[in-house]
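Take a look at the structure set out below.
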Number of protein chains: 2
Amino acid sequence: MTVLVLTGPEDVTADMVVDHLNTMGTPVLRVDPADFPERASLTAAFTSGGLSGRITTRHRSAELSAIRAIWVRRPGKPGAGARAQAAWVALESDHAWYGTLRALPDVRWMNHPDAHTAGRYKMRQLILAQSVGFRVPATLFTSVPGDAKGFAETHGPLVCKSVSGHAPDDPPLALPTTPVPEGTDFTAVAEAPTCLQSLVGKRSDIRLTVVGSEMFCARADQLARDQAELDWRYADPESVRWYAAPVPPDIRTKTEAFMRLAGLMYGAFDFAVTADETWHFLECNASGQFGFIELAAGLPISRAVADWLAGTADSP
Amino acid sequence: MTVLVLTGPEDVTADMVVDHLNTMGTPVLRVDPADFPERASLTAAFTSGGLSGRITTRHRSAELSAIRAIWVRRPGKPGAGARAQAAWVALESDHAWYGTLRALPDVRWMNHPDAHTAGRYKMRQLILAQSVGFRVPATLFTSVPGDAKGFAETHGPLVCKSVSGHAPDDPPLALPTTPVPEGTDFTAVAEAPTCLQSLVGKRSDIRLTVVGSEMFCARADQLARDQAELDWRYADPESVRWYAAPVPPDIRTKTEAFMRLAGLMYGAFDFAVTADETWHFLECNASGQFGFIELAAGLPISRAVADWLAGTADSP
């Protein structure tokens, strides 16, 4: 069996997992789809006998029939190196690459591309989270200034977030979760849809990393830092101290149900915990980083990912 | 109830379906996502009571709770009209728009975006087609010249096709299915992956359009035109005469199984029929046109689409 790891050349988190797989003696083919077709090749032959072929990089090769698990980590786009007809060659390369991988029988994906795509949409996440029993803050997506104003009156105080979770990159901006002052003018909402959410008066942040059926919970308390600093991703790293924490049984059950409904094998959940120890679901990032939390809280996440890919751990 | 039709302004096929829906008295909101947020607005409020809000165009408005069916016909991209931070606003708009629609409960999609995406990959189509019992020509996807040569020797004579089904657009090119001459030099395969397929010596082309549980079969015989003209899409239209034809019972059963496995509610299948009346699966286009075949072969496809969207027809 071979584990296919799809990621770019600079990825220390992937290095951690590949090290574990090497130690376990599990064959690994690490390849950046952006190298296809210039520095990596693919042949997939479909005949009456089924599908056969191989992926070859500069150093290694794997038969398609040997691939048992695919880790979609941080892959570049197939055909990225095309010199002529770049858009079309990229499309052709994407179809050849992912069409082949999607056609492989008996392969475990972390995560399957369809589950990954569906999992990126926040509104669907909120509905799923509510359906499994999580507490979820009231949230508005709108391009209508009057509706934003009405929501602020009913559900304020609010925070403002990126709808997609991304930020503009020209010029590169940071978009932390930001409090919305009372009396805000929402006119600009008409220019680009906006995500507004009821502020959760939190005492702690939770990052719950789920790998198959295993859960790794890290907690950071708000007390140590400025209460206005809502978003730990942009806070002074010295002020955020992650420590390993237990997962309450009801949270475990609800998280398992969420993973099942979302079709995810990996997910990084963010919760806000209020003074009464209620966990409020904020989001689930299907491709969330885990290297920093493994190091900060001493949680063996990369080992769990390796175990799952090697087939020695359970699915959720 | 309301049927949401997502398409651009110039779409006569959509007009045909909307006309039927109007005649049936089914409320329709037709909107191009490219108009969001400039000329169409969206509000989606998630609270403890669930999801509520509305989509508003210049002329109409629909409550989210009223939407029962979504026809993804030829939609433009949300946020296409953004003036500043265009890439990011497009991403934010896509997430607000499709995140909301994907979160709606009890909505029938023709087709669901995930099924549409998965359905575009040809290799997966071939595997599905084989698994339900269709005859499928041997097919190779490769970026390795030597593998192309070997496949030609074993499975020739071959045709060459676009992997993705698309053609370069700068300059705009047509890419019909093309015979591969014996002794072809496959060196350029290393530049862009290529799809090679065993030539099916066909007598007729079939376009089988599936709408929910209904099937509309059109046939065109090869005899009338040049045998070298393999691809009816690029043949002289005068030489291609589509006529309504019956669907053999075994083909119906296999097609139903394919639709179920692929999660599709609409699909346009292409088959090649050989002299012994064997149907060879070529592909299933989940967003294939049907207006031309409705007119040419007198098949009431737009009416069936309207019935399905209105909820008066069955799913496959």
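Each chain in the structure tokens gets a letter, A, B, ..., in the order shown, and its residues are numbered from 1; ligands are numbered from 1 in order too.
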For chain B, report every residue with an atom at most 8 Å from chain A (counting only C-alpha atoms), formatted as a ChimeraX atom specification. /B:37-38,41-48,50-51,79,82,85,87-89,91-93,95-96,98-100,102-103,114,118,121-124,126-127,136-144,147,162-164,166-170,190-194
Taking the DSSP secondary structure from the backbone, can you list the residues of range 43-273 of chain A that are strand (DSSP E), as a ChimeraX atom specification? /A:43-47,50-56,61-63,67-74,108-110,139-142,158-161,178-180,194-198,202-211,214-221,243-244,266-273
DSSP on the backbone: which residues in range 157-269 of chain B end up as helix (DSSP H, G or I)? Give the answer as a list in words. Thr187, Ala188, Val189, Ala190, Trp232, Arg233, Tyr234, Pro237, Glu238, Ser239, Pro249, Asp250, Ile251, Arg252, Thr253, Lys254, Thr255, Glu256, Ala257, Phe258, Met259, Arg260, Leu261 and Ala262 of chain B
Hey, can you check how far CA of Ala310 in chain B sits from CA of Ala296 in chain B?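 Separating CA of Ala310 in chain B from CA of Ala296 in chain B is a distance of 25.3 Å.
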Shell around range 280-290 of chain B at 6 Å using only C-alpha atoms, local window under 3 positions removed, as a PyMOL selection string: chain B and resi 135-136+267-272+293
Saved selection, atoms kept: N, CA and C atoms, as a PDB file, in the first residue's frame:
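The new file result15.pdb reads:
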ATOM      1  N   ARG B 135     -21.016  -0.929 -21.890  1.00  0.00           N
ATOM      2  CA  ARG B 135     -19.784  -1.145 -22.651  1.00  0.00           C
ATOM      3  C   ARG B 135     -19.073   0.194 -22.759  1.00  0.00           C
ATOM      4  N   VAL B 136     -17.797   0.220 -22.426  1.00  0.00           N
ATOM      5  CA  VAL B 136     -17.044   1.475 -22.426  1.00  0.00           C
ATOM      6  C   VAL B 136     -15.753   1.257 -23.203  1.00  0.00           C
ATOM      7  N   GLY B 267     -28.919  14.697 -16.844  1.00  0.00           N
ATOM      8  CA  GLY B 267     -27.698  14.287 -17.512  1.00  0.00           C
ATOM      9  C   GLY B 267     -27.958  14.076 -18.991  1.00  0.00           C
ATOM     10  N   ALA B 268     -26.991  14.458 -19.810  1.00  0.00           N
ATOM     11  CA  ALA B 268     -27.082  14.251 -21.259  1.00  0.00           C
ATOM     12  C   ALA B 268     -26.007  13.240 -21.638  1.00  0.00           C
ATOM     13  N   PHE B 269     -26.455  12.019 -21.969  1.00  0.00           N
ATOM     14  CA  PHE B 269     -25.529  10.915 -22.271  1.00  0.00           C
ATOM     15  C   PHE B 269     -25.261  10.829 -23.774  1.00  0.00           C
ATOM     16  N   ASP B 270     -24.019  10.577 -24.110  1.00  0.00           N
ATOM     17  CA  ASP B 270     -23.668  10.273 -25.497  1.00  0.00           C
ATOM     18  C   ASP B 270     -23.249   8.815 -25.593  1.00  0.00           C
ATOM     19  N   PHE B 271     -23.881   8.108 -26.548  1.00  0.00           N
ATOM     20  CA  PHE B 271     -23.512   6.727 -26.845  1.00  0.00           C
ATOM     21  C   PHE B 271     -23.173   6.631 -28.335  1.00  0.00           C
ATOM     22  N   ALA B 272     -22.292   5.671 -28.651  1.00  0.00           N
ATOM     23  CA  ALA B 272     -22.050   5.309 -30.048  1.00  0.00           C
ATOM     24  C   ALA B 272     -22.634   3.908 -30.240  1.00  0.00           C
ATOM     25  N   ILE B 293     -31.911  19.552 -29.201  1.00  0.00           N
ATOM     26  CA  ILE B 293     -32.392  18.190 -29.419  1.00  0.00           C
ATOM     27  C   ILE B 293     -33.924  18.153 -29.261  1.00  0.00           C
TER      28      ILE B 293
END
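Computed from the coordinates, the CA of Glu277 in chain B to CA of Pro248 in chain B distance equals 10.3 Å.
For Asp185 in chain A, the set of protein, DNA and RNA residues having any atom at most 10 Å away, when counting only C-alpha atoms and skipping those fewer than 2 positions along the same chain, is Pro145, Gly146, Ala148, Lys149, Val180, Pro181, Glu182, Gly183, Thr187, Ala188 and Val189 of chain A.
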Non-local contacts of Arg219 in chain A (9 Å; only C-alpha atoms; under 4 positions in same chain excluded) as an mmCIF file with N, CA, C and O atoms, in the first residue's frame:
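Once everything was written out, this is part-v4.cif:
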data_model
loop_
_atom_site.group_PDB
_atom_site.id
_atom_site.type_symbol
_atom_site.label_atom_id
_atom_site.label_comp_id
_atom_site.auth_asym_id
_atom_site.auth_seq_id
_atom_site.Cartn_x
_atom_site.Cartn_y
_atom_site.Cartn_z
ATOM 1 N N SER A 204 -12.785 31.559 27.304
ATOM 2 C CA SER A 204 -11.706 30.745 26.731
ATOM 3 C C SER A 204 -11.981 30.463 25.258
ATOM 4 O O SER A 204 -13.129 30.466 24.822
ATOM 5 N N ASP A 205 -10.895 30.211 24.536
ATOM 6 C CA ASP A 205 -10.983 29.697 23.174
ATOM 7 C C ASP A 205 -10.655 28.215 23.193
ATOM 8 O O ASP A 205 -9.772 27.779 23.945
ATOM 9 N N ILE A 206 -11.357 27.471 22.342
ATOM 10 C CA ILE A 206 -11.057 26.048 22.176
ATOM 11 C C ILE A 206 -10.672 25.800 20.729
ATOM 12 O O ILE A 206 -11.342 26.284 19.816
ATOM 13 N N ARG A 207 -9.605 25.054 20.505
ATOM 14 C CA ARG A 207 -9.316 24.505 19.190
ATOM 15 C C ARG A 207 -9.376 22.990 19.345
ATOM 16 O O ARG A 207 -8.524 22.396 20.022
ATOM 17 N N LEU A 208 -10.421 22.420 18.757
ATOM 18 C CA LEU A 208 -10.623 20.976 18.843
ATOM 19 C C LEU A 208 -10.270 20.374 17.485
ATOM 20 O O LEU A 208 -10.970 20.601 16.497
ATOM 21 N N ARG A 241 -1.814 31.178 25.433
ATOM 22 C CA ARG A 241 -1.162 29.971 25.960
ATOM 23 C C ARG A 241 -2.109 28.785 25.811
ATOM 24 O O ARG A 241 -3.058 28.635 26.583
ATOM 25 N N TRP A 242 -1.848 27.967 24.827
ATOM 26 C CA TRP A 242 -2.662 26.778 24.604
ATOM 27 C C TRP A 242 -2.241 25.671 25.561
ATOM 28 O O TRP A 242 -1.059 25.429 25.749
ATOM 29 N N TYR A 243 -3.218 25.010 26.152
ATOM 30 C CA TYR A 243 -2.914 23.824 26.958
ATOM 31 C C TYR A 243 -3.927 22.730 26.633
ATOM 32 O O TYR A 243 -5.049 23.005 26.203
ATOM 33 N N ALA A 244 -3.484 21.485 26.809
ATOM 34 C CA ALA A 244 -4.370 20.347 26.526
ATOM 35 C C ALA A 244 -5.522 20.344 27.515
ATOM 36 O O ALA A 244 -5.338 20.617 28.712
ATOM 37 N N ALA A 245 -6.730 20.046 27.044
ATOM 38 C CA ALA A 245 -7.917 20.067 27.899
ATOM 39 C C ALA A 245 -8.815 18.895 27.523
ATOM 40 O O ALA A 245 -8.758 18.398 26.401
ATOM 41 N N ALA A 297 0.503 22.742 22.661
ATOM 42 C CA ALA A 297 -0.239 22.044 23.714
ATOM 43 C C ALA A 297 0.250 20.613 23.922
ATOM 44 O O ALA A 297 -0.279 19.894 24.771
#
Leaving out Ser213 in chain A and any residue of its chain fewer than 2 positions from it, which residues lie within 10 Å of it when counting only C-alpha atoms, given as a compact mmCIF listing (two decimals) with C-alpha atoms, in the first residue's frame?
# COMPACT_ATOMS: atom_id res chain seq x y z
CA VAL A 210 -10.46 15.88 14.94
CA VAL A 211 -8.58 13.11 13.11
CA MET A 215 -10.02 14.29 19.18
CA ARG A 252 -17.61 14.61 21.69
CA THR A 255 -18.67 16.63 17.10
CA GLU A 256 -18.77 13.03 15.87
CA MET A 259 -18.07 15.04 11.14
CA MET A 265 -12.14 12.80 8.21
CA TYR A 266 -10.22 15.83 9.45
CA ALA A 304 -2.78 10.43 14.59
CA TRP A 308 -5.24 7.25 9.99
CA ALA A 313 -6.87 4.15 13.09
CA ASP A 314 -10.66 4.37 12.78
CA SER A 315 -12.80 6.71 10.73
CA PRO A 316 -15.36 8.82 12.61
Considering only C-alpha atoms, return as JSON, numbers by chain whatever protein or nucleic-acid residues lie within 9 Å of Thr13 in chain A, sequence-local ones (same chain, fewer than 4 positions apart) excluded. {"A": [17, 18, 289, 290, 291, 292, 302]}
